[in-house]
Every structure is written in C-alpha cells, then in structure tokens.
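**Q** File target.cif follows (mmCIF, C-alpha atoms):
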data_structure
loop_
_atom_site.label_atom_id
_atom_site.label_comp_id
_atom_site.auth_asym_id
_atom_site.auth_seq_id
_atom_site.Cartn_x
_atom_site.Cartn_y
_atom_site.Cartn_z
CA MET A 7 -46.44 36.20 44.01
CA ARG A 8 -46.34 34.86 47.56
CA LYS A 9 -45.37 36.68 50.73
CA ILE A 10 -42.50 35.06 52.60
CA SER A 11 -43.04 34.41 56.30
CA ASN A 12 -40.27 35.86 58.43
CA PRO A 13 -38.71 32.90 60.29
CA TRP A 14 -36.89 35.17 62.75
CA LEU A 15 -39.91 37.00 64.23
CA HIS A 16 -39.99 35.06 67.48
CA LYS A 17 -36.23 34.78 67.97
CA GLU A 18 -35.04 36.55 71.09
CA GLY A 19 -32.72 39.44 70.24
CA TYR A 20 -33.89 39.68 66.60
CA TYR A 21 -33.32 43.33 65.71
CA CYS A 22 -32.10 43.24 62.10
CA PHE A 23 -31.69 46.70 60.59
CA GLY A 24 -33.03 45.42 57.27
CA CYS A 25 -36.02 43.26 58.13
CA ALA A 26 -36.97 43.42 61.81
CA PRO A 27 -40.39 45.09 62.03
CA THR A 28 -39.73 46.17 65.62
CA ASN A 29 -36.46 48.03 64.97
CA PRO A 30 -37.52 51.70 65.26
CA ILE A 31 -34.71 52.94 63.00
CA GLY A 32 -34.69 49.96 60.61
CA LEU A 33 -35.84 49.53 57.03
CA HIS A 34 -38.74 47.16 57.88
CA MET A 35 -38.35 45.22 54.64
CA GLU A 36 -40.75 42.45 53.67
CA PHE A 37 -40.16 39.85 50.98
CA PHE A 38 -42.11 38.05 48.31
CA GLU A 39 -41.36 35.08 46.10
CA GLU A 40 -42.14 34.97 42.41
CA GLY A 41 -40.63 32.09 40.49
CA ASP A 42 -36.86 32.17 40.96
CA GLN A 43 -36.89 35.72 42.32
CA ILE A 44 -37.11 37.17 45.80
CA ILE A 45 -38.66 40.63 45.65
CA SER A 46 -39.01 43.46 48.12
CA PHE A 47 -41.10 46.59 47.66
CA TRP A 48 -39.81 49.41 49.82
CA ARG A 49 -40.78 53.03 50.41
CA PRO A 50 -37.90 55.37 51.24
CA GLN A 51 -38.13 58.17 53.76
CA ASP A 52 -36.27 61.47 53.94
CA HIS A 53 -34.13 60.39 56.90
CA PHE A 54 -32.43 57.81 54.62
CA GLN A 55 -30.95 60.55 52.41
CA GLY A 56 -27.30 61.06 51.58
CA TRP A 57 -27.26 64.18 49.44
CA VAL A 58 -30.40 66.36 49.56
CA GLY A 59 -33.30 64.38 48.14
CA VAL A 60 -31.15 61.39 47.12
CA LEU A 61 -31.17 58.03 48.86
CA HIS A 62 -27.87 57.26 50.62
CA GLY A 63 -25.67 54.74 48.80
CA GLY A 64 -25.20 52.80 52.04
CA ILE A 65 -28.96 52.36 52.33
CA ILE A 66 -29.15 51.15 48.72
CA SER A 67 -26.31 48.72 49.46
CA THR A 68 -28.19 47.50 52.53
CA LEU A 69 -31.36 46.93 50.47
CA ILE A 70 -29.29 44.84 48.04
CA ASP A 71 -27.51 42.88 50.77
CA GLU A 72 -30.69 42.18 52.73
CA THR A 73 -32.61 40.96 49.68
CA ALA A 74 -29.69 38.70 48.71
CA GLY A 75 -29.77 37.28 52.23
CA TRP A 76 -33.42 36.38 51.81
CA VAL A 77 -32.54 34.39 48.69
CA VAL A 78 -30.41 32.23 51.00
CA THR A 79 -33.18 32.10 53.62
CA ARG A 80 -36.00 31.11 51.27
CA LYS A 81 -34.43 29.46 48.24
CA LEU A 82 -31.60 27.63 50.01
CA GLN A 83 -33.51 27.14 53.30
CA SER A 84 -30.49 28.17 55.33
CA ALA A 85 -28.90 30.99 57.25
CA GLY A 86 -25.91 32.71 55.74
CA MET A 87 -23.49 35.60 55.98
CA THR A 88 -22.29 38.10 53.41
CA ALA A 89 -18.83 37.18 52.13
CA ARG A 90 -18.66 39.82 49.39
CA LEU A 91 -20.86 42.62 48.10
CA ASN A 92 -20.24 44.57 44.91
CA VAL A 93 -22.65 47.42 44.11
CA SER A 94 -22.87 49.49 40.92
CA PHE A 95 -24.87 52.71 41.04
CA LYS A 96 -26.47 53.45 37.65
CA LYS A 97 -28.85 56.35 38.33
CA GLU A 98 -29.75 58.46 41.34
CA LEU A 99 -32.51 57.04 43.49
CA LEU A 100 -34.66 59.75 45.01
CA ALA A 101 -35.76 59.64 48.63
CA SER A 102 -39.18 60.79 47.41
CA GLU A 103 -39.81 57.64 45.32
CA THR A 104 -43.25 56.19 45.99
CA GLN A 105 -41.84 52.65 45.76
CA ILE A 106 -38.52 50.98 45.14
CA THR A 107 -38.45 47.40 43.87
CA ILE A 108 -35.53 45.14 44.72
CA ARG A 109 -35.27 41.83 42.80
CA ALA A 110 -32.76 39.11 43.59
CA GLN A 111 -32.04 35.62 42.37
CA LEU A 112 -29.43 32.96 42.76
CA SER A 113 -26.83 33.04 39.98
CA GLN A 114 -24.85 29.99 41.06
CA GLN A 115 -23.91 27.94 44.08
CA ARG A 116 -20.57 26.25 44.68
CA ARG A 117 -20.37 24.22 47.85
CA GLN A 118 -21.12 26.70 50.64
CA LEU A 119 -20.87 29.85 48.50
CA ALA A 120 -23.93 31.30 46.79
CA ASP A 121 -23.71 34.08 44.19
CA ILE A 122 -26.78 36.28 44.03
CA HIS A 123 -27.60 39.04 41.54
CA VAL A 124 -29.77 41.94 42.69
CA VAL A 125 -31.41 44.78 40.76
CA VAL A 126 -32.89 47.94 42.31
CA GLU A 127 -35.57 49.80 40.34
CA ASN A 128 -37.26 53.14 40.95
CA ALA A 129 -41.03 53.61 40.76
CA HIS A 130 -40.80 53.90 36.95
CA GLY A 131 -39.05 50.54 36.60
CA GLU A 132 -35.68 52.12 35.76
CA VAL A 133 -32.63 50.25 37.05
CA CYS A 134 -30.84 52.55 39.49
CA ALA A 135 -28.42 50.07 41.06
CA GLU A 136 -27.24 46.50 40.68
CA GLY A 137 -25.40 44.30 43.08
CA ASP A 138 -23.65 40.98 43.16
CA ALA A 139 -23.40 39.32 46.53
CA THR A 140 -21.58 36.19 47.55
CA TYR A 141 -23.01 34.57 50.63
CA PHE A 142 -21.43 31.93 52.82
CA VAL A 143 -24.25 29.43 53.32
CA LEU A 144 -24.20 27.84 56.74
CA ASN A 145 -24.63 24.11 57.12
CA GLU A 146 -27.82 22.77 58.70
CA GLU A 147 -26.30 22.39 62.16
CA LYS A 148 -24.93 25.95 62.29
CA SER A 149 -28.19 27.34 60.85
CA ARG A 150 -30.14 25.64 63.65
CA GLU A 151 -27.71 27.02 66.24
CA MET A 152 -28.58 30.49 64.90
CA GLY A 153 -32.28 29.71 65.30
CA PHE A 154 -33.15 28.93 61.69
CA GLU A 155 -35.45 25.98 61.06
CA HIS A 156 -37.28 26.72 57.81
CA CYS A 157 -38.76 29.55 55.77
CA ASP A 158 -42.26 29.24 54.33
CA VAL A 159 -44.61 31.42 52.31
CA GLU A 160 -47.95 32.68 53.57
CA GLY A 161 -50.08 31.92 50.53
CA ASP A 162 -50.63 32.35 46.82
CA ASN A 163 -51.10 35.50 44.77
CA LEU A 164 -50.52 37.99 47.54
CA LEU A 165 -49.67 41.48 46.34
CA PRO A 166 -47.80 43.91 48.61
CA PHE A 167 -49.96 46.99 47.98
#
How does the structure come out when it is put into structure tokens?
**A**
Amino acid sequence: MRKISNPWLHKEGYYCFGCAPTNPIGLHMEFFEEGDQIISFWRPQDHFQGWVGVLHGGIISTLIDETAGWVVTRKLQSAGMTARLNVSFKKELLASETQITIRAQLSQQRRQLADIHVVVENAHGEVCAEGDATYFVLNEEKSREMGFEHCDVEGDNLLPF
C-alpha cells in the first residue's frame, strides 16, 4: 500500500471540503493506492452526525464522491468533475467508529466518462454504503488549466496507522 501525494497542496485557493488539510471544517481525507484500488481510512467525529450517534448520509456521500475523484486523479492522471453519484445505504454508520474504510476502483471508462465503484466499511469490515460515481474526465489541457500536472505516490508499503 502506497500513500498518494496530494497534487493540490500548493495550489492557491485549494480548500477542498474532502481532502484539503487546511480546511478547518473539512474531512481531511488522505488516500492510498493498493493495486487497482484507491483507499481512504477516515475517523468520524460527532459533529458529522445526522441522527444522534449516526453519521450523516451527506457526509457518507461526500466520502464516496471524494474517493471516486481520487481514482481519476491517481489512476487516470487527470482532473475531473462528478457527473453522477448514486449512493445506497446498507447499514447505519456510527459517528463513534474508530475507523471507516472507503475503497474505490475504476469500473469502466468510455471516452471522457469514468465509472467508479466505491464501498464504505465500518471498523468491523461490514459494508455500510456503496456508491457508483460517473466522472467527467477533463482533457490534459483543461486539467493543466485547473493546476493539475501529475499525481505520484510517496513510497512503498506505507500503512496509514
């Protein structure tokens, strides 16, 4: 498993709710690559609740969408935008979970559309939500205009915790 370097860290105005480490109200997600998968390990906090003790569905959807976006960033070496997001909630996801694991991989790509399947697991490895995202993959010129050049990994066999 290799940690993915965030290619946006030095971009002026970078304040992504999902992955910007400097956004004080953001999710501060980090990403890892293992084979065909992009993985994020995330620890919820009480202020991301919907119902008492349960993680808000919008936050779960954001975790899915953000991880799918990093499939585009790392695996397709491009910037992209969400065209469609379909989320199925299977089991409640508690705000007290010690760790949530989000796994995503490319299902198919047709021209500039990429279909990505995402699974969200609780700390016991139970699937609590699944998502299918379609991303519009920007061409190289538009990606560069947005500040994207490339996305690398930091090294081999790095574990998040």
**Q** Just give me the residues with any atom within 9 Å of (-39.2, 50.1, 44.9), file coordinates, counting all atoms listed in the file, written as a PyMOL selection string.
**A** chain A and resi 46-50+103-108+126-131
**Q** Restricting the calculation to all atoms listed in the file, which member of A:Glu18, A:Asp52, A:Glu146, A:Glu151 is positioned closest to Ala101 (chain A)?
**A**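 Looking only at the distances to Ala101 (chain A), the closest residue turns out to be A:Asp52.
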**Q** Specify as a list of chain:residue names each residue included when the PyMOL selection byres ((chain A and resi 83) around 9) is applied to this file.
**A** A:Val77, A:Val78, A:Thr79, A:Arg80, A:Lys81, A:Leu82, A:Ser84, A:Ala85, A:Glu146, A:Phe154, A:Glu155, A:His156, A:Cys157
**Q** Please produce an output containing C-alpha atoms for each residue in the selection, written as an mmCIF file, keeping the file's coordinate frame.
**A**
data_model
loop_
_atom_site.group_PDB
_atom_site.id
_atom_site.type_symbol
_atom_site.label_atom_id
_atom_site.label_comp_id
_atom_site.auth_asym_id
_atom_site.auth_seq_id
_atom_site.Cartn_x
_atom_site.Cartn_y
_atom_site.Cartn_z
ATOM 1 C CA VAL A 77 -32.540 34.390 48.690
ATOM 2 C CA VAL A 78 -30.410 32.230 51.000
ATOM 3 C CA THR A 79 -33.180 32.100 53.620
ATOM 4 C CA ARG A 80 -36.000 31.110 51.270
ATOM 5 C CA LYS A 81 -34.430 29.460 48.240
ATOM 6 C CA LEU A 82 -31.600 27.630 50.010
ATOM 7 C CA SER A 84 -30.490 28.170 55.330
ATOM 8 C CA ALA A 85 -28.900 30.990 57.250
ATOM 9 C CA GLU A 146 -27.820 22.770 58.700
ATOM 10 C CA PHE A 154 -33.150 28.930 61.690
ATOM 11 C CA GLU A 155 -35.450 25.980 61.060
ATOM 12 C CA HIS A 156 -37.280 26.720 57.810
ATOM 13 C CA CYS A 157 -38.760 29.550 55.770
#
**Q** Around region 78-92 of chain A, with edges along x, y and z and 4 Å added on all six sides, what centre and edge lengths do you get, in Å to one decimal, as AutoDock Vina command-line options?
**A**
--center_x -27.3 --center_y 35.9 --center_z 51.1 --size_x 25.3 --size_y 25.4 --size_z 20.3
**Q** Give me, please, the distance in Å between CA of Ala135 (chain A) and CA of Phe95 (chain A), quoted to one decimal.
**A**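 The value is 4.4 Å.
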**Q** Work out how far CA of Ala89 (chain A) is from CA of Glu136 (chain A), in Å to one decimal.
**A**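 Between these atoms lies a distance of 17.0 Å.
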**Q** Which one of A:Gln115, A:Ile44, A:Leu100, A:His34 sits closest to Trp57 (chain A) if you count all atoms listed in the file?
**A**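 Among the listed residues, A:Leu100 lies closest to Trp57 (chain A).
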